[in-house]
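See below for work.txt, which holds compact mmCIF, N, CA and C atoms.
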```txt
# COMPACT_ATOMS: atom_id res chain seq x y z
N MET R 41 24.20 92.42 -58.62
CA MET R 41 23.77 93.39 -59.62
C MET R 41 23.20 94.61 -58.89
N ILE R 42 23.65 95.76 -59.28
CA ILE R 42 23.13 97.01 -58.73
C ILE R 42 22.26 97.66 -59.79
N LYS R 43 21.04 98.04 -59.40
CA LYS R 43 20.15 98.74 -60.33
C LYS R 43 19.68 100.03 -59.68
N ILE R 44 19.81 101.10 -60.43
CA ILE R 44 19.39 102.41 -59.97
C ILE R 44 18.45 102.99 -61.01
N GLU R 45 17.33 103.53 -60.58
CA GLU R 45 16.41 104.20 -61.50
C GLU R 45 15.92 105.47 -60.83
N ARG R 46 16.01 106.56 -61.56
CA ARG R 46 15.58 107.85 -61.07
C ARG R 46 14.84 108.58 -62.18
N THR R 47 13.86 109.39 -61.79
CA THR R 47 13.15 110.24 -62.74
C THR R 47 13.28 111.68 -62.25
N ILE R 48 13.68 112.55 -63.17
CA ILE R 48 13.81 113.98 -62.85
C ILE R 48 13.15 114.78 -63.97
N THR R 49 12.84 116.02 -63.67
CA THR R 49 12.33 116.95 -64.68
C THR R 49 13.32 118.09 -64.80
N ILE R 50 13.70 118.37 -66.03
CA ILE R 50 14.60 119.49 -66.33
C ILE R 50 13.81 120.52 -67.12
N HIS R 51 13.88 121.73 -66.69
CA HIS R 51 13.09 122.80 -67.31
C HIS R 51 13.77 123.35 -68.56
N ARG R 52 13.89 122.45 -69.54
CA ARG R 52 14.41 122.78 -70.87
C ARG R 52 13.68 121.89 -71.87
N PRO R 53 13.55 122.32 -73.12
CA PRO R 53 12.91 121.49 -74.14
C PRO R 53 13.67 120.17 -74.36
N VAL R 54 12.93 119.13 -74.71
CA VAL R 54 13.51 117.80 -74.87
C VAL R 54 14.64 117.79 -75.89
N GLU R 55 14.53 118.58 -76.96
CA GLU R 55 15.58 118.61 -77.99
C GLU R 55 16.91 119.10 -77.40
N GLU R 56 16.85 120.11 -76.54
CA GLU R 56 18.07 120.65 -75.94
C GLU R 56 18.67 119.67 -74.94
N VAL R 57 17.82 119.04 -74.13
CA VAL R 57 18.31 118.11 -73.12
C VAL R 57 18.93 116.88 -73.78
N PHE R 58 18.26 116.33 -74.78
CA PHE R 58 18.79 115.16 -75.48
C PHE R 58 20.11 115.50 -76.15
N ALA R 59 20.18 116.64 -76.83
CA ALA R 59 21.40 117.04 -77.52
C ALA R 59 22.56 117.17 -76.53
N TYR R 60 22.30 117.74 -75.36
CA TYR R 60 23.34 117.93 -74.36
C TYR R 60 23.85 116.58 -73.83
N ILE R 61 22.93 115.71 -73.44
CA ILE R 61 23.33 114.43 -72.85
C ILE R 61 23.97 113.51 -73.89
N SER R 62 23.48 113.54 -75.11
CA SER R 62 24.04 112.64 -76.13
C SER R 62 25.40 113.11 -76.64
N ASP R 63 25.82 114.30 -76.30
CA ASP R 63 27.18 114.75 -76.60
C ASP R 63 28.06 114.34 -75.41
N VAL R 64 28.71 113.18 -75.52
CA VAL R 64 29.41 112.60 -74.38
C VAL R 64 30.51 113.49 -73.82
N GLN R 65 30.99 114.43 -74.59
CA GLN R 65 32.03 115.33 -74.09
C GLN R 65 31.55 116.19 -72.94
N HIS R 66 30.21 116.35 -72.80
CA HIS R 66 29.66 117.13 -71.69
C HIS R 66 29.65 116.38 -70.37
N SER R 67 29.70 115.05 -70.42
CA SER R 67 29.47 114.27 -69.20
C SER R 67 30.40 114.58 -68.02
N PRO R 68 31.67 114.94 -68.21
CA PRO R 68 32.49 115.27 -67.04
C PRO R 68 31.98 116.51 -66.28
N GLN R 69 31.13 117.32 -66.92
CA GLN R 69 30.59 118.49 -66.25
C GLN R 69 29.54 118.12 -65.20
N TYR R 70 28.93 116.93 -65.33
CA TYR R 70 27.91 116.56 -64.35
C TYR R 70 28.09 115.17 -63.74
N ILE R 71 29.07 114.40 -64.19
CA ILE R 71 29.32 113.09 -63.60
C ILE R 71 30.54 113.18 -62.70
N SER R 72 30.30 113.06 -61.40
CA SER R 72 31.39 113.16 -60.44
C SER R 72 32.37 112.01 -60.66
N GLY R 73 33.63 112.33 -60.57
CA GLY R 73 34.66 111.32 -60.75
C GLY R 73 35.05 111.07 -62.19
N GLN R 74 34.41 111.74 -63.13
CA GLN R 74 34.78 111.56 -64.53
C GLN R 74 35.64 112.75 -64.96
N ARG R 75 36.81 112.42 -65.48
CA ARG R 75 37.77 113.45 -65.87
C ARG R 75 37.63 113.85 -67.33
N GLU R 76 37.33 112.86 -68.19
CA GLU R 76 37.28 113.13 -69.63
C GLU R 76 36.35 112.12 -70.30
N ALA R 77 35.74 112.55 -71.41
CA ALA R 77 34.94 111.65 -72.24
C ALA R 77 35.03 112.12 -73.68
N HIS R 78 35.16 111.18 -74.60
CA HIS R 78 35.24 111.55 -76.02
C HIS R 78 34.84 110.36 -76.89
N LYS R 79 34.28 110.69 -78.06
CA LYS R 79 33.93 109.65 -79.03
C LYS R 79 35.21 109.01 -79.57
N THR R 80 35.13 107.70 -79.81
CA THR R 80 36.28 106.99 -80.37
C THR R 80 35.96 106.43 -81.76
N SER R 81 34.74 106.62 -82.21
CA SER R 81 34.36 106.16 -83.55
C SER R 81 34.03 107.37 -84.41
N ASN R 82 34.04 107.18 -85.72
CA ASN R 82 33.74 108.26 -86.66
C ASN R 82 32.24 108.36 -86.90
N GLY R 83 31.83 109.47 -87.46
CA GLY R 83 30.44 109.66 -87.84
C GLY R 83 29.59 110.23 -86.72
N PRO R 84 28.33 110.46 -87.04
CA PRO R 84 27.42 111.04 -86.04
C PRO R 84 27.09 110.01 -84.95
N MET R 85 26.62 110.51 -83.83
CA MET R 85 26.20 109.66 -82.72
C MET R 85 25.03 108.79 -83.15
N GLY R 86 25.10 107.51 -82.85
CA GLY R 86 24.03 106.58 -83.18
C GLY R 86 24.37 105.20 -82.66
N VAL R 87 23.51 104.23 -82.94
CA VAL R 87 23.76 102.86 -82.50
C VAL R 87 25.11 102.40 -83.08
N GLY R 88 25.94 101.84 -82.21
CA GLY R 88 27.26 101.39 -82.63
C GLY R 88 28.38 102.38 -82.34
N THR R 89 28.04 103.64 -82.08
CA THR R 89 29.05 104.63 -81.74
C THR R 89 29.77 104.18 -80.47
N THR R 90 31.07 104.38 -80.43
CA THR R 90 31.84 104.07 -79.23
C THR R 90 32.43 105.35 -78.65
N PHE R 91 32.60 105.33 -77.34
CA PHE R 91 33.24 106.46 -76.67
C PHE R 91 34.00 105.95 -75.45
N ALA R 92 34.96 106.75 -75.02
CA ALA R 92 35.80 106.38 -73.88
C ALA R 92 35.68 107.44 -72.81
N THR R 93 35.74 107.00 -71.57
CA THR R 93 35.75 107.91 -70.43
C THR R 93 36.94 107.56 -69.55
N SER R 94 37.42 108.54 -68.84
CA SER R 94 38.46 108.27 -67.85
C SER R 94 38.06 108.97 -66.56
N GLY R 95 38.35 108.31 -65.47
CA GLY R 95 37.94 108.82 -64.17
C GLY R 95 39.10 109.45 -63.42
N THR R 96 38.74 110.14 -62.36
CA THR R 96 39.76 110.76 -61.52
C THR R 96 40.26 109.78 -60.48
N PHE R 97 39.46 108.75 -60.17
CA PHE R 97 39.84 107.74 -59.18
C PHE R 97 40.70 106.68 -59.85
N VAL R 98 41.96 106.64 -59.54
CA VAL R 98 42.93 105.69 -60.07
C VAL R 98 42.95 105.73 -61.61
N ARG R 99 42.55 106.86 -62.19
CA ARG R 99 42.56 107.03 -63.64
C ARG R 99 41.83 105.88 -64.34
N ARG R 100 40.76 105.40 -63.74
CA ARG R 100 39.99 104.29 -64.29
C ARG R 100 39.38 104.68 -65.64
N ALA R 101 39.56 103.83 -66.65
CA ALA R 101 39.06 104.09 -68.00
C ALA R 101 37.96 103.09 -68.34
N THR R 102 36.99 103.54 -69.12
CA THR R 102 35.90 102.70 -69.58
C THR R 102 35.64 103.01 -71.05
N THR R 103 35.36 101.98 -71.82
CA THR R 103 34.93 102.15 -73.21
C THR R 103 33.48 101.70 -73.28
N CYS R 104 32.65 102.49 -73.97
CA CYS R 104 31.22 102.20 -74.07
C CYS R 104 30.79 102.17 -75.53
N GLU R 105 29.69 101.44 -75.76
CA GLU R 105 29.09 101.36 -77.09
C GLU R 105 27.62 101.73 -76.98
N VAL R 106 27.16 102.63 -77.84
CA VAL R 106 25.76 103.03 -77.87
C VAL R 106 24.93 101.87 -78.42
N THR R 107 23.89 101.49 -77.67
CA THR R 107 23.04 100.36 -78.05
C THR R 107 21.64 100.79 -78.47
N GLU R 108 21.22 101.98 -78.06
CA GLU R 108 19.94 102.53 -78.49
C GLU R 108 20.13 104.03 -78.73
N PHE R 109 19.55 104.52 -79.81
CA PHE R 109 19.64 105.95 -80.10
C PHE R 109 18.39 106.35 -80.87
N GLU R 110 17.44 106.91 -80.16
CA GLU R 110 16.21 107.45 -80.75
C GLU R 110 16.17 108.92 -80.38
N PRO R 111 16.52 109.82 -81.31
CA PRO R 111 16.59 111.25 -80.97
C PRO R 111 15.37 111.74 -80.20
N ASN R 112 15.66 112.43 -79.12
CA ASN R 112 14.68 113.06 -78.24
C ASN R 112 13.79 112.06 -77.51
N ARG R 113 14.12 110.75 -77.57
CA ARG R 113 13.32 109.73 -76.89
C ARG R 113 14.13 108.80 -76.00
N ARG R 114 15.24 108.28 -76.53
CA ARG R 114 15.95 107.25 -75.78
C ARG R 114 17.43 107.18 -76.20
N LEU R 115 18.28 107.00 -75.20
CA LEU R 115 19.72 106.85 -75.41
C LEU R 115 20.21 105.80 -74.42
N SER R 116 20.94 104.81 -74.93
CA SER R 116 21.44 103.76 -74.05
C SER R 116 22.81 103.31 -74.52
N TRP R 117 23.66 102.95 -73.55
CA TRP R 117 24.97 102.40 -73.89
C TRP R 117 25.36 101.35 -72.87
N LYS R 118 26.30 100.51 -73.30
CA LYS R 118 26.84 99.50 -72.39
C LYS R 118 28.35 99.65 -72.35
N ALA R 119 28.90 99.39 -71.19
CA ALA R 119 30.36 99.41 -71.04
C ALA R 119 30.91 98.12 -71.64
N ILE R 120 31.89 98.26 -72.51
CA ILE R 120 32.52 97.08 -73.11
C ILE R 120 33.92 96.85 -72.55
N SER R 121 34.35 97.77 -71.69
CA SER R 121 35.57 97.57 -70.91
C SER R 121 35.39 98.34 -69.61
N GLY R 122 36.18 98.01 -68.62
CA GLY R 122 36.01 98.65 -67.32
C GLY R 122 34.86 97.98 -66.56
N THR R 123 34.26 98.69 -65.63
CA THR R 123 33.14 98.15 -64.86
C THR R 123 31.96 97.91 -65.79
N ARG R 124 31.46 96.70 -65.81
CA ARG R 124 30.34 96.33 -66.70
C ARG R 124 29.05 96.99 -66.21
N ALA R 125 28.50 97.84 -67.05
CA ALA R 125 27.27 98.55 -66.70
C ALA R 125 26.51 98.91 -67.97
N THR R 126 25.22 99.07 -67.82
CA THR R 126 24.35 99.56 -68.89
C THR R 126 23.66 100.81 -68.37
N THR R 127 23.67 101.86 -69.17
CA THR R 127 23.05 103.13 -68.80
C THR R 127 22.00 103.48 -69.83
N THR R 128 20.81 103.86 -69.37
CA THR R 128 19.72 104.23 -70.27
C THR R 128 19.11 105.55 -69.81
N TRP R 129 18.87 106.42 -70.78
CA TRP R 129 18.18 107.68 -70.56
C TRP R 129 16.91 107.64 -71.41
N ALA R 130 15.75 107.80 -70.79
CA ALA R 130 14.48 107.90 -71.52
C ALA R 130 13.98 109.33 -71.37
N PHE R 131 13.63 109.97 -72.47
CA PHE R 131 13.24 111.38 -72.50
C PHE R 131 11.77 111.49 -72.88
N GLN R 132 11.06 112.35 -72.15
CA GLN R 132 9.65 112.57 -72.45
C GLN R 132 9.36 114.06 -72.32
N PRO R 133 8.82 114.68 -73.39
CA PRO R 133 8.47 116.09 -73.26
C PRO R 133 7.35 116.26 -72.23
N SER R 134 7.45 117.34 -71.50
CA SER R 134 6.44 117.66 -70.49
C SER R 134 6.22 119.17 -70.55
N GLY R 135 5.40 119.60 -71.52
CA GLY R 135 5.23 121.04 -71.76
C GLY R 135 6.56 121.60 -72.23
N PRO R 136 7.03 122.70 -71.61
CA PRO R 136 8.32 123.28 -72.01
C PRO R 136 9.51 122.57 -71.35
N SER R 137 9.23 121.55 -70.56
CA SER R 137 10.26 120.84 -69.81
C SER R 137 10.46 119.43 -70.37
N THR R 138 11.41 118.71 -69.76
CA THR R 138 11.72 117.34 -70.17
C THR R 138 11.74 116.45 -68.93
N ARG R 139 11.03 115.36 -69.03
CA ARG R 139 11.05 114.36 -67.96
C ARG R 139 12.03 113.27 -68.40
N ILE R 140 13.01 112.99 -67.55
CA ILE R 140 14.04 112.00 -67.85
C ILE R 140 13.94 110.86 -66.85
N THR R 141 13.96 109.64 -67.37
CA THR R 141 14.11 108.48 -66.51
C THR R 141 15.49 107.91 -66.79
N PHE R 142 16.31 107.90 -65.76
CA PHE R 142 17.68 107.42 -65.84
C PHE R 142 17.73 106.05 -65.18
N THR R 143 18.34 105.08 -65.88
CA THR R 143 18.49 103.74 -65.31
C THR R 143 19.92 103.28 -65.52
N ARG R 144 20.51 102.73 -64.48
CA ARG R 144 21.84 102.14 -64.60
C ARG R 144 21.83 100.79 -63.89
N GLU R 145 22.33 99.79 -64.60
CA GLU R 145 22.50 98.45 -64.04
C GLU R 145 23.98 98.11 -64.15
N ALA R 146 24.56 97.70 -63.04
CA ALA R 146 25.99 97.39 -63.02
C ALA R 146 26.24 96.08 -62.31
N ASN R 147 27.21 95.36 -62.81
CA ASN R 147 27.64 94.14 -62.16
C ASN R 147 28.69 94.54 -61.14
N ALA R 148 28.33 94.46 -59.87
CA ALA R 148 29.22 94.91 -58.80
C ALA R 148 30.06 93.78 -58.23
N HIS R 149 29.98 92.60 -58.81
CA HIS R 149 30.71 91.45 -58.28
C HIS R 149 32.20 91.74 -58.18
N GLY R 150 32.70 91.70 -56.97
CA GLY R 150 34.13 91.87 -56.75
C GLY R 150 34.61 93.31 -56.82
N LEU R 151 33.71 94.26 -57.10
CA LEU R 151 34.12 95.65 -57.23
C LEU R 151 34.61 96.16 -55.88
N LEU R 152 35.86 96.46 -55.79
CA LEU R 152 36.51 96.97 -54.59
C LEU R 152 36.35 96.04 -53.39
N ARG R 153 35.82 94.85 -53.60
CA ARG R 153 35.61 93.86 -52.54
C ARG R 153 34.76 94.39 -51.40
N LEU R 154 33.80 95.23 -51.72
CA LEU R 154 32.88 95.77 -50.72
C LEU R 154 31.56 95.03 -50.79
N PRO R 155 30.81 94.96 -49.68
CA PRO R 155 29.49 94.32 -49.72
C PRO R 155 28.56 95.04 -50.70
N GLN R 156 27.71 94.28 -51.38
CA GLN R 156 26.83 94.86 -52.39
C GLN R 156 25.91 95.93 -51.80
N SER R 157 25.44 95.73 -50.57
CA SER R 157 24.55 96.73 -49.96
C SER R 157 25.26 98.07 -49.79
N LEU R 158 26.53 98.02 -49.44
CA LEU R 158 27.30 99.26 -49.30
C LEU R 158 27.51 99.90 -50.67
N LEU R 159 27.85 99.09 -51.67
CA LEU R 159 28.02 99.63 -53.03
C LEU R 159 26.74 100.25 -53.55
N GLN R 160 25.58 99.61 -53.28
CA GLN R 160 24.29 100.14 -53.72
C GLN R 160 24.06 101.52 -53.10
N GLY R 161 24.35 101.66 -51.83
CA GLY R 161 24.18 102.95 -51.16
C GLY R 161 25.08 104.03 -51.73
N LEU R 162 26.34 103.66 -51.97
CA LEU R 162 27.28 104.62 -52.57
C LEU R 162 26.84 105.03 -53.97
N ALA R 163 26.41 104.05 -54.76
CA ALA R 163 25.97 104.33 -56.13
C ALA R 163 24.72 105.21 -56.13
N ASN R 164 23.77 104.93 -55.24
CA ASN R 164 22.55 105.75 -55.15
C ASN R 164 22.90 107.21 -54.87
N GLY R 165 23.77 107.43 -53.90
CA GLY R 165 24.16 108.79 -53.54
C GLY R 165 24.86 109.50 -54.68
N ARG R 166 25.72 108.79 -55.37
CA ARG R 166 26.46 109.39 -56.48
C ARG R 166 25.52 109.76 -57.63
N VAL R 167 24.60 108.86 -57.98
CA VAL R 167 23.65 109.15 -59.07
C VAL R 167 22.77 110.33 -58.69
N ASP R 168 22.27 110.36 -57.47
CA ASP R 168 21.45 111.50 -57.03
C ASP R 168 22.21 112.81 -57.16
N GLN R 169 23.48 112.80 -56.75
CA GLN R 169 24.31 114.00 -56.85
C GLN R 169 24.52 114.39 -58.31
N ASP R 170 24.85 113.42 -59.16
CA ASP R 170 25.13 113.71 -60.57
C ASP R 170 23.89 114.23 -61.30
N LEU R 171 22.74 113.63 -61.05
CA LEU R 171 21.50 114.11 -61.70
C LEU R 171 21.13 115.50 -61.18
N GLY R 172 21.37 115.76 -59.92
CA GLY R 172 21.13 117.11 -59.38
C GLY R 172 22.04 118.13 -60.05
N THR R 173 23.29 117.76 -60.26
CA THR R 173 24.24 118.65 -60.94
C THR R 173 23.80 118.90 -62.37
N LEU R 174 23.37 117.85 -63.07
CA LEU R 174 22.88 117.99 -64.45
C LEU R 174 21.69 118.93 -64.50
N LYS R 175 20.74 118.74 -63.62
CA LYS R 175 19.54 119.56 -63.59
C LYS R 175 19.89 121.03 -63.33
N GLU R 176 20.77 121.25 -62.37
CA GLU R 176 21.19 122.61 -62.04
C GLU R 176 21.98 123.24 -63.19
N LEU R 177 22.86 122.47 -63.78
CA LEU R 177 23.68 122.96 -64.89
C LEU R 177 22.81 123.42 -66.05
N LEU R 178 21.83 122.61 -66.43
CA LEU R 178 20.97 122.97 -67.55
C LEU R 178 20.00 124.10 -67.18
N ALA R 179 19.60 124.19 -65.94
CA ALA R 179 18.72 125.28 -65.51
C ALA R 179 19.47 126.61 -65.53
N VAL R 180 20.72 126.58 -65.10
CA VAL R 180 21.53 127.80 -65.04
C VAL R 180 21.86 128.31 -66.43
N THR R 181 22.08 127.41 -67.37
CA THR R 181 22.47 127.83 -68.71
C THR R 181 21.26 128.05 -69.62
N ARG R 182 20.07 128.00 -69.05
CA ARG R 182 18.86 128.16 -69.84
C ARG R 182 18.81 129.56 -70.46
N LYS R 183 18.44 129.58 -71.72
CA LYS R 183 18.30 130.86 -72.42
C LYS R 183 16.86 131.35 -72.25
N PRO R 184 16.69 132.64 -72.06
CA PRO R 184 15.32 133.14 -71.91
C PRO R 184 14.52 132.89 -73.18
N ALA R 185 13.27 132.51 -73.00
CA ALA R 185 12.40 132.21 -74.14
C ALA R 185 12.02 133.47 -74.91
N VAL R 186 11.93 134.57 -74.22
CA VAL R 186 11.51 135.82 -74.86
C VAL R 186 12.59 136.87 -74.62
N LYS R 187 12.99 137.53 -75.70
CA LYS R 187 13.97 138.61 -75.54
C LYS R 187 13.25 139.85 -75.07
N GLY R 188 13.99 140.66 -74.40
CA GLY R 188 13.41 141.90 -73.89
C GLY R 188 13.78 142.09 -72.44
N TRP R 189 13.00 142.79 -71.76
CA TRP R 189 13.35 143.07 -70.38
C TRP R 189 12.84 142.00 -69.53
```
Re-express the file's structure as structure tokens.
Amino acid sequence: MIKIERTITIHRPVEEVFAYISDVQHSPQYISGQREAHKTSNGPMGVGTTFATSGTFVRRATTCEVTEFEPNRRLSWKAISGTRATTTWAFQPSGPSTRITFTREANAHGLLRLPQSLLQGLANGRVDQDLGTLKELLAVTRKPAVKGW
């Protein structure tokens, strides 16, 4: 089992950060190796919503189901096909910014037949890169709080 937990602060209000992350179509913009993501169920995002992702590596596809959905507080999903993993985002307002705790647990048994310690290292580096990209992406697209000069 591989477990990764990271906490970052994004200098955007929690409502904006939650809305961005919970719209799964945005994920290829900050998740390396992900080519596409889209909802596969009808209705608004919530517990039970399903979505599919496809990767650039061997066109690997995964289907996920949302297991927790508390607007501006918590978002979690589990993979129901592809590599078995659970991903959780916990959101906490911090003044005008948002503190996010990201957790991913994955069953790495037999994955690419690599030793678990090597897979853990690769996963850590990838998550650090992806969260850095997310933080930079949201910082760059930040709208000024006050209009004027």
For atom C of Ile120 of chain R and atom CA of Thr103 of chain R, determine how far apart the two atoms are, in Å to one decimal place.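 Computed distance, atom C of Ile120 of chain R to atom CA of Thr103 of chain R, equals 5.4 Å.
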Would you mind reading off the distance between atom CA of Ser121 of chain R and atom CA of Leu178 of chain R, one decimal, in Å?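 Value for the atom CA of Ser121 of chain R-atom CA of Leu178 of chain R distance: 29.5 Å.
Atom to atom, atom CA of Glu110 of chain R and atom C of Tyr70 of chain R stand 22.1 Å apart.
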I'd like the neighbourhood of Thr90 of chain R as a PDB file with N, CA and C atoms, in the frame of the given file, where a residue qualifies if any of its atoms comes within 6.5 Å (using all atoms listed in the file), though same-chain residues fewer than 6 positions away should be ignored.
```pdb
ATOM      1  N   HIS R  78      35.160 111.180 -74.600  1.00  0.00           N
ATOM      2  CA  HIS R  78      35.240 111.550 -76.020  1.00  0.00           C
ATOM      3  C   HIS R  78      34.840 110.360 -76.890  1.00  0.00           C
ATOM      4  N   LYS R  79      34.280 110.690 -78.060  1.00  0.00           N
ATOM      5  CA  LYS R  79      33.930 109.650 -79.030  1.00  0.00           C
ATOM      6  C   LYS R  79      35.210 109.010 -79.570  1.00  0.00           C
ATOM      7  N   THR R  80      35.130 107.700 -79.810  1.00  0.00           N
ATOM      8  CA  THR R  80      36.280 106.990 -80.370  1.00  0.00           C
ATOM      9  C   THR R  80      35.960 106.430 -81.760  1.00  0.00           C
ATOM     10  N   SER R  81      34.740 106.620 -82.210  1.00  0.00           N
ATOM     11  CA  SER R  81      34.360 106.160 -83.550  1.00  0.00           C
ATOM     12  C   SER R  81      34.030 107.370 -84.410  1.00  0.00           C
ATOM     13  N   CYS R 104      32.650 102.490 -73.970  1.00  0.00           N
ATOM     14  CA  CYS R 104      31.220 102.200 -74.070  1.00  0.00           C
ATOM     15  C   CYS R 104      30.790 102.170 -75.530  1.00  0.00           C
ATOM     16  N   GLU R 105      29.690 101.440 -75.760  1.00  0.00           N
ATOM     17  CA  GLU R 105      29.090 101.360 -77.090  1.00  0.00           C
ATOM     18  C   GLU R 105      27.620 101.730 -76.980  1.00  0.00           C
ATOM     19  N   VAL R 106      27.160 102.630 -77.840  1.00  0.00           N
ATOM     20  CA  VAL R 106      25.760 103.030 -77.870  1.00  0.00           C
ATOM     21  C   VAL R 106      24.930 101.870 -78.420  1.00  0.00           C
TER      22      VAL R 106
END
```
Identify which of the residues R:Val64, R:Leu115, R:Met85, R:Met41 lies closest to Phe131 of chain R, counting all atoms listed in the file when measuring atom-to-atom distances.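 Among the listed residues, the smallest separation from Phe131 of chain R belongs to R:Leu115.
If you count only C-alpha atoms and ignore residues fewer than 2 places along the chain from Thr126 of chain R, what sits within 10 Å of it is Lys43, Cys104, Glu105, Val106, Thr107, Ser116, Trp117, Lys118, Ala119, Ile120, Thr123, Arg124, Thr128, Thr143, Arg144, Glu145, Ala146 and Asn147 of chain R.
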Output the selection as a PDB file, in the frame of the given file - N, CA and C atoms for each residue.
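Heads up, here's the output in out_13.pdb:
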```pdb
ATOM      1  N   LYS R  43      21.040  98.040 -59.400  1.00  0.00           N
ATOM      2  CA  LYS R  43      20.150  98.740 -60.330  1.00  0.00           C
ATOM      3  C   LYS R  43      19.680 100.030 -59.680  1.00  0.00           C
ATOM      4  N   CYS R 104      32.650 102.490 -73.970  1.00  0.00           N
ATOM      5  CA  CYS R 104      31.220 102.200 -74.070  1.00  0.00           C
ATOM      6  C   CYS R 104      30.790 102.170 -75.530  1.00  0.00           C
ATOM      7  N   GLU R 105      29.690 101.440 -75.760  1.00  0.00           N
ATOM      8  CA  GLU R 105      29.090 101.360 -77.090  1.00  0.00           C
ATOM      9  C   GLU R 105      27.620 101.730 -76.980  1.00  0.00           C
ATOM     10  N   VAL R 106      27.160 102.630 -77.840  1.00  0.00           N
ATOM     11  CA  VAL R 106      25.760 103.030 -77.870  1.00  0.00           C
ATOM     12  C   VAL R 106      24.930 101.870 -78.420  1.00  0.00           C
ATOM     13  N   THR R 107      23.890 101.490 -77.670  1.00  0.00           N
ATOM     14  CA  THR R 107      23.040 100.360 -78.050  1.00  0.00           C
ATOM     15  C   THR R 107      21.640 100.790 -78.470  1.00  0.00           C
ATOM     16  N   SER R 116      20.940 104.810 -74.930  1.00  0.00           N
ATOM     17  CA  SER R 116      21.440 103.760 -74.050  1.00  0.00           C
ATOM     18  C   SER R 116      22.810 103.310 -74.520  1.00  0.00           C
ATOM     19  N   TRP R 117      23.660 102.950 -73.550  1.00  0.00           N
ATOM     20  CA  TRP R 117      24.970 102.400 -73.890  1.00  0.00           C
ATOM     21  C   TRP R 117      25.360 101.350 -72.870  1.00  0.00           C
ATOM     22  N   LYS R 118      26.300 100.510 -73.300  1.00  0.00           N
ATOM     23  CA  LYS R 118      26.840  99.500 -72.390  1.00  0.00           C
ATOM     24  C   LYS R 118      28.350  99.650 -72.350  1.00  0.00           C
ATOM     25  N   ALA R 119      28.900  99.390 -71.190  1.00  0.00           N
ATOM     26  CA  ALA R 119      30.360  99.410 -71.040  1.00  0.00           C
ATOM     27  C   ALA R 119      30.910  98.120 -71.640  1.00  0.00           C
ATOM     28  N   ILE R 120      31.890  98.260 -72.510  1.00  0.00           N
ATOM     29  CA  ILE R 120      32.520  97.080 -73.110  1.00  0.00           C
ATOM     30  C   ILE R 120      33.920  96.850 -72.550  1.00  0.00           C
ATOM     31  N   THR R 123      34.260  98.690 -65.630  1.00  0.00           N
ATOM     32  CA  THR R 123      33.140  98.150 -64.860  1.00  0.00           C
ATOM     33  C   THR R 123      31.960  97.910 -65.790  1.00  0.00           C
ATOM     34  N   ARG R 124      31.460  96.700 -65.810  1.00  0.00           N
ATOM     35  CA  ARG R 124      30.340  96.330 -66.700  1.00  0.00           C
ATOM     36  C   ARG R 124      29.050  96.990 -66.210  1.00  0.00           C
ATOM     37  N   THR R 128      20.810 103.860 -69.370  1.00  0.00           N
ATOM     38  CA  THR R 128      19.720 104.230 -70.270  1.00  0.00           C
ATOM     39  C   THR R 128      19.110 105.550 -69.810  1.00  0.00           C
ATOM     40  N   THR R 143      18.340 105.080 -65.880  1.00  0.00           N
ATOM     41  CA  THR R 143      18.490 103.740 -65.310  1.00  0.00           C
ATOM     42  C   THR R 143      19.920 103.280 -65.520  1.00  0.00           C
ATOM     43  N   ARG R 144      20.510 102.730 -64.480  1.00  0.00           N
ATOM     44  CA  ARG R 144      21.840 102.140 -64.600  1.00  0.00           C
ATOM     45  C   ARG R 144      21.830 100.790 -63.890  1.00  0.00           C
ATOM     46  N   GLU R 145      22.330  99.790 -64.600  1.00  0.00           N
ATOM     47  CA  GLU R 145      22.500  98.450 -64.040  1.00  0.00           C
ATOM     48  C   GLU R 145      23.980  98.110 -64.150  1.00  0.00           C
ATOM     49  N   ALA R 146      24.560  97.700 -63.040  1.00  0.00           N
ATOM     50  CA  ALA R 146      25.990  97.390 -63.020  1.00  0.00           C
ATOM     51  C   ALA R 146      26.240  96.080 -62.310  1.00  0.00           C
ATOM     52  N   ASN R 147      27.210  95.360 -62.810  1.00  0.00           N
ATOM     53  CA  ASN R 147      27.640  94.140 -62.160  1.00  0.00           C
ATOM     54  C   ASN R 147      28.690  94.540 -61.140  1.00  0.00           C
TER      55      ASN R 147
END
```
Nearest to Gly135 of chain R among R:Ile71, R:Ile48, R:Val54, R:Ile42, with distances taken over only N, CA and C atoms: which residue is it? R:Val54
List every protein, DNA or RNA residue that has an atom no more than 7 Å from (39.3, 106.5, -71.9) in the file's coordinate frame, counting only N, CA and C atoms, and report them as a list of chain:residue names.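 Answer for this query, in the requested form: R:Glu76, R:Ala77, R:His78, R:Phe91, R:Ala92, R:Thr93, R:Ser94, R:Gly95, R:Arg100, R:Ala101, R:Thr102, R:Thr103.
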Step by step, gather every atom of segment 133-143 of chain R that the file lists, find the box along x, y and z that holds them, add 4 Å on each side, and finally give centre and edge lengths in Å to one decimal, as lines of an AutoDock Vina configuration file.
```
center_x = 12.6
center_y = 113.3
center_z = -69.3
size_x = 22.7
size_y = 28.0
size_z = 16.2
```
Using all atoms listed in the file, find the one residue out of R:Arg139, R:Gly122, R:Gly172, R:Pro111 that sits nearest to Thr49 of chain R.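 The answer is R:Arg139, which sits nearest to Thr49 of chain R.
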